[in-house]
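Report on the structure given below.
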Amino acid sequence: MIRFEDGAGYERMMGIWSRLVGEVFVDWLAPPLGLRWIDVGCGNGAFTELLVERCAPVEVQGIDPSEGQLAFARTRPAACRVTFHLADAMALPCPADSFDAAVMALAIVFVPDPVKGLEEMVRVVRPGGLIASYMWDMTGGGFPLDPILVEMRAMGLTPPRPPQVEVSRVARLRDLWMAAGLEDVETREVTVQRTFASFDEFWLINLAAPTVAAAVADLASGEIETLKDRVRTRLSAESGSITYCARANAIKGHLPK
């Protein structure tokens, strides 16, 4: 199983990407101020902090199964406005109808049973409330780690994949939201770009990703250099900074009143 335990490492690798997508996502949601939010699979709090900064919530609770991620989340400036829980997305430690909105940012493919995870979000949100999510398009080439993962697979390597990677597809997300009985379901793509100062910065930051690290750990030094050269060529990164795009699928819907 892919698990993220290093909150600071996750921030360098994925937290920045998450915030870039999250800002567009929040604009698209256009929620009223003063809501009660639950952030399911909150990780190191990258999106949770965005909720506090942008949505003036009266309450925010963050749920994640990694104590390492939550420890980092609690160091963020916005943490004083958030209650964090070590818990499972499929068994939220909250009463029914506790929140006005539930969100799952870059996490749904890691939930062993996404249907159960969505059912729990529906359970804890009041009638008429908002249920929303965004996830990298992992089957359509939108994942930020794809420059490395594509070259790994070309070398015959099999880096680990999230257990429910197909749920990153927009059609599958829509099916889930509709099957849960949600109304006014809408989807959209969100494309963002990030710049790294150099290829070495890109490589060192992304080498710490569990998806990459698990596969690279078994390689000989020569194989690692071959992979590194292939990725450098793919990114046309002989010198200078690197800028490239990633793409996420977003979805939102409301509970019937």
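Going through the structure tokens in order, the chains are called A, B, and so on, while each chain numbers its residues from 1 and the ligands are numbered from 1 in the order shown.
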Inset, instruction - Report the residues of stretch 12-62 of chain A whose backbone DSSP state falls under strand (DSSP E or B), written as a ChimeraX atom specification. - result: /A:36-40,59-62
Deliver the residues from the most recent selection as a file, using C-alpha atoms, as a compact mmCIF listing (two decimals), in the first residue's frame.
# COMPACT_ATOMS: atom_id res chain seq x y z
CA ARG A 36 -18.82 23.90 8.60
CA TRP A 37 -16.30 21.84 6.57
CA ILE A 38 -14.77 18.38 6.81
CA ASP A 39 -11.61 17.67 4.78
CA VAL A 40 -11.39 13.90 4.33
CA GLU A 59 -15.57 25.02 11.66
CA VAL A 60 -13.06 22.80 9.87
CA GLN A 61 -12.18 19.21 10.74
CA GLY A 62 -9.40 17.30 8.98
Inset, instruction - Quick one: everything within 12 Å of A:Val82, counting only C-alpha atoms, minus sequence neighbours fewer than 4 positions away in the same chain. Send it as a PyMOL selection string. - result: chain A and resi 36-39+42+45+47-53+56-63+70+73-78
Inset, instruction - Would you mind telling me which residue in A:Arg230, A:His85, A:Arg161, A:Arg194 lies nearest to A:Val212 when using only C-alpha atoms? - result: A:Arg161
Legend entry - Pick from A:Pro32, A:Pro144, A:Pro127, A:Gly253, whichever lies nearest to A:Ser18 using only C-alpha atoms: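 Smallest distance to A:Ser18 is found for A:Pro144.
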Legend entry - Contacts of A:Ile242 within 9 Å, only C-alpha atoms, excl. fewer than 5 positions in-chain, as an NGL selection string: :A and (194-199 or 202 or 235-237)
Give me the residues within 9 Å of stretch 134-142 of chain A as a PDB file with N, CA and C atoms, in the first residue's frame, counting only C-alpha atoms and dropping any in the same chain fewer than 4 places off.
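Writing the result to around.pdb gives the following:
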ATOM      1  N   VAL A  21      -3.879  23.493  -7.585  1.00  0.00           N
ATOM      2  CA  VAL A  21      -5.184  22.997  -8.038  1.00  0.00           C
ATOM      3  C   VAL A  21      -6.284  23.474  -7.100  1.00  0.00           C
ATOM      4  N   GLY A  22      -5.996  23.442  -5.793  1.00  0.00           N
ATOM      5  CA  GLY A  22      -7.011  23.789  -4.804  1.00  0.00           C
ATOM      6  C   GLY A  22      -7.544  25.197  -4.949  1.00  0.00           C
ATOM      7  N   PHE A  25      -9.982  25.098  -7.691  1.00  0.00           N
ATOM      8  CA  PHE A  25     -11.105  24.291  -7.218  1.00  0.00           C
ATOM      9  C   PHE A  25     -12.037  25.097  -6.321  1.00  0.00           C
ATOM     10  N   VAL A 103     -15.162  17.623   1.610  1.00  0.00           N
ATOM     11  CA  VAL A 103     -14.277  17.653   0.453  1.00  0.00           C
ATOM     12  C   VAL A 103     -13.203  16.585   0.619  1.00  0.00           C
ATOM     13  N   MET A 104     -12.752  16.036  -0.504  1.00  0.00           N
ATOM     14  CA  MET A 104     -11.668  15.057  -0.507  1.00  0.00           C
ATOM     15  C   MET A 104     -10.691  15.481  -1.597  1.00  0.00           C
ATOM     16  N   ALA A 105      -9.533  15.972  -1.192  1.00  0.00           N
ATOM     17  CA  ALA A 105      -8.554  16.539  -2.128  1.00  0.00           C
ATOM     18  C   ALA A 105      -7.407  15.563  -2.369  1.00  0.00           C
ATOM     19  N   LEU A 106      -7.260  15.085  -3.594  1.00  0.00           N
ATOM     20  CA  LEU A 106      -6.168  14.204  -3.997  1.00  0.00           C
ATOM     21  C   LEU A 106      -6.073  12.953  -3.132  1.00  0.00           C
ATOM     22  N   ALA A 107      -7.213  12.406  -2.751  1.00  0.00           N
ATOM     23  CA  ALA A 107      -7.182  11.264  -1.836  1.00  0.00           C
ATOM     24  C   ALA A 107      -8.059  10.094  -2.253  1.00  0.00           C
ATOM     25  N   ILE A 108      -9.043  10.287  -3.110  1.00  0.00           N
ATOM     26  CA  ILE A 108     -10.052   9.264  -3.311  1.00  0.00           C
ATOM     27  C   ILE A 108      -9.485   7.962  -3.873  1.00  0.00           C
ATOM     28  N   VAL A 109      -8.405   8.023  -4.655  1.00  0.00           N
ATOM     29  CA  VAL A 109      -7.834   6.789  -5.216  1.00  0.00           C
ATOM     30  C   VAL A 109      -7.126   5.954  -4.156  1.00  0.00           C
ATOM     31  N   ASP A 146       4.180  11.769 -13.568  1.00  0.00           N
ATOM     32  CA  ASP A 146       4.213  11.016 -14.821  1.00  0.00           C
ATOM     33  C   ASP A 146       5.543  11.113 -15.584  1.00  0.00           C
ATOM     34  N   VAL A 165      -7.066   3.446  -8.773  1.00  0.00           N
ATOM     35  CA  VAL A 165      -6.630   4.462  -9.722  1.00  0.00           C
ATOM     36  C   VAL A 165      -7.700   4.813 -10.752  1.00  0.00           C
ATOM     37  N   GLU A 166      -8.585   3.868 -11.089  1.00  0.00           N
ATOM     38  CA  GLU A 166      -9.619   4.139 -12.090  1.00  0.00           C
ATOM     39  C   GLU A 166     -10.602   5.223 -11.633  1.00  0.00           C
ATOM     40  N   VAL A 167     -10.676   5.438 -10.328  1.00  0.00           N
ATOM     41  CA  VAL A 167     -11.589   6.456  -9.801  1.00  0.00           C
ATOM     42  C   VAL A 167     -11.110   7.859 -10.141  1.00  0.00           C
ATOM     43  N   SER A 168      -9.898   7.984 -10.643  1.00  0.00           N
ATOM     44  CA  SER A 168      -9.417   9.308 -11.051  1.00  0.00           C
ATOM     45  C   SER A 168     -10.047   9.748 -12.372  1.00  0.00           C
ATOM     46  N   ARG A 169     -10.685   8.835 -13.095  1.00  0.00           N
ATOM     47  CA  ARG A 169     -11.333   9.178 -14.360  1.00  0.00           C
ATOM     48  C   ARG A 169     -12.606   9.976 -14.092  1.00  0.00           C
ATOM     49  N   VAL A 170     -12.852  11.003 -14.888  1.00  0.00           N
ATOM     50  CA  VAL A 170     -14.006  11.859 -14.650  1.00  0.00           C
ATOM     51  C   VAL A 170     -15.310  11.081 -14.786  1.00  0.00           C
ATOM     52  N   GLU A 189     -12.165  19.883 -15.632  1.00  0.00           N
ATOM     53  CA  GLU A 189     -10.731  19.653 -15.588  1.00  0.00           C
ATOM     54  C   GLU A 189     -10.045  20.897 -15.030  1.00  0.00           C
ATOM     55  N   VAL A 190      -8.989  20.672 -14.282  1.00  0.00           N
ATOM     56  CA  VAL A 190      -8.171  21.765 -13.770  1.00  0.00           C
ATOM     57  C   VAL A 190      -6.723  21.496 -14.172  1.00  0.00           C
ATOM     58  N   THR A 191      -6.158  22.351 -14.997  1.00  0.00           N
ATOM     59  CA  THR A 191      -4.768  22.219 -15.422  1.00  0.00           C
ATOM     60  C   THR A 191      -3.938  23.325 -14.776  1.00  0.00           C
ATOM     61  N   CYS A 245       3.090  20.907 -16.873  1.00  0.00           N
ATOM     62  CA  CYS A 245       1.697  20.957 -16.432  1.00  0.00           C
ATOM     63  C   CYS A 245       1.243  19.623 -15.842  1.00  0.00           C
ATOM     64  N   ALA A 246       0.264  19.705 -14.968  1.00  0.00           N
ATOM     65  CA  ALA A 246      -0.444  18.532 -14.460  1.00  0.00           C
ATOM     66  C   ALA A 246      -1.942  18.842 -14.537  1.00  0.00           C
ATOM     67  N   ARG A 247      -2.751  17.786 -14.540  1.00  0.00           N
ATOM     68  CA  ARG A 247      -4.191  17.968 -14.745  1.00  0.00           C
ATOM     69  C   ARG A 247      -4.973  17.115 -13.760  1.00  0.00           C
ATOM     70  N   ALA A 248      -5.990  17.728 -13.167  1.00  0.00           N
ATOM     71  CA  ALA A 248      -6.860  17.026 -12.219  1.00  0.00           C
ATOM     72  C   ALA A 248      -8.302  17.053 -12.707  1.00  0.00           C
ATOM     73  N   ASN A 249      -9.055  16.068 -12.280  1.00  0.00           N
ATOM     74  CA  ASN A 249     -10.499  16.024 -12.507  1.00  0.00           C
ATOM     75  C   ASN A 249     -11.212  16.402 -11.220  1.00  0.00           C
ATOM     76  N   ALA A 250     -12.150  17.328 -11.323  1.00  0.00           N
ATOM     77  CA  ALA A 250     -12.883  17.811 -10.149  1.00  0.00           C
ATOM     78  C   ALA A 250     -14.373  17.508 -10.303  1.00  0.00           C
ATOM     79  N   ILE A 251     -15.029  17.314  -9.165  1.00  0.00           N
ATOM     80  CA  ILE A 251     -16.467  17.024  -9.184  1.00  0.00           C
ATOM     81  C   ILE A 251     -17.119  17.641  -7.953  1.00  0.00           C
ATOM     82  N   LYS A 252     -18.374  18.047  -8.124  1.00  0.00           N
ATOM     83  CA  LYS A 252     -19.140  18.571  -6.995  1.00  0.00           C
ATOM     84  C   LYS A 252     -20.608  18.206  -7.173  1.00  0.00           C
TER      85      LYS A 252
END
Legend entry - Selection: 6 Å around A:Asp64, only C-alpha atoms, excl. self and same-chain fewer than 3 positions, as a PyMOL selection string: chain A and resi 41-43+86-87
Inset, instruction - Measuring atom to atom with only C-alpha atoms, identify which of A:Arg174, A:Gln193, A:Thr233, A:Met152 is nearest to A:Leu219. - result: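 Distance minimum relative to A:Leu219 lands on A:Met152.
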Inset, instruction - If you run DSSP over the backbone, which residues in stretch 42-143 of chain A end up alpha helix (DSSP H)? Put them as a list in words. - result: Ala46, Phe47, Thr48, Glu49, Leu50, Leu51, Val52, Glu53, Arg54, Cys55, Glu67, Gly68, Gln69, Leu70, Ala71, Phe72, Ala73, Pro114, Val115, Lys116, Gly117, Leu118, Glu119, Glu120, Met121, Val122, Arg123 and Val124 of chain A
Legend entry - Gap from atom CA of A:Pro210 to atom CA of A:Ile16 - Å, one decimal: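 Computing it gives 16.6 Å between the two atoms.
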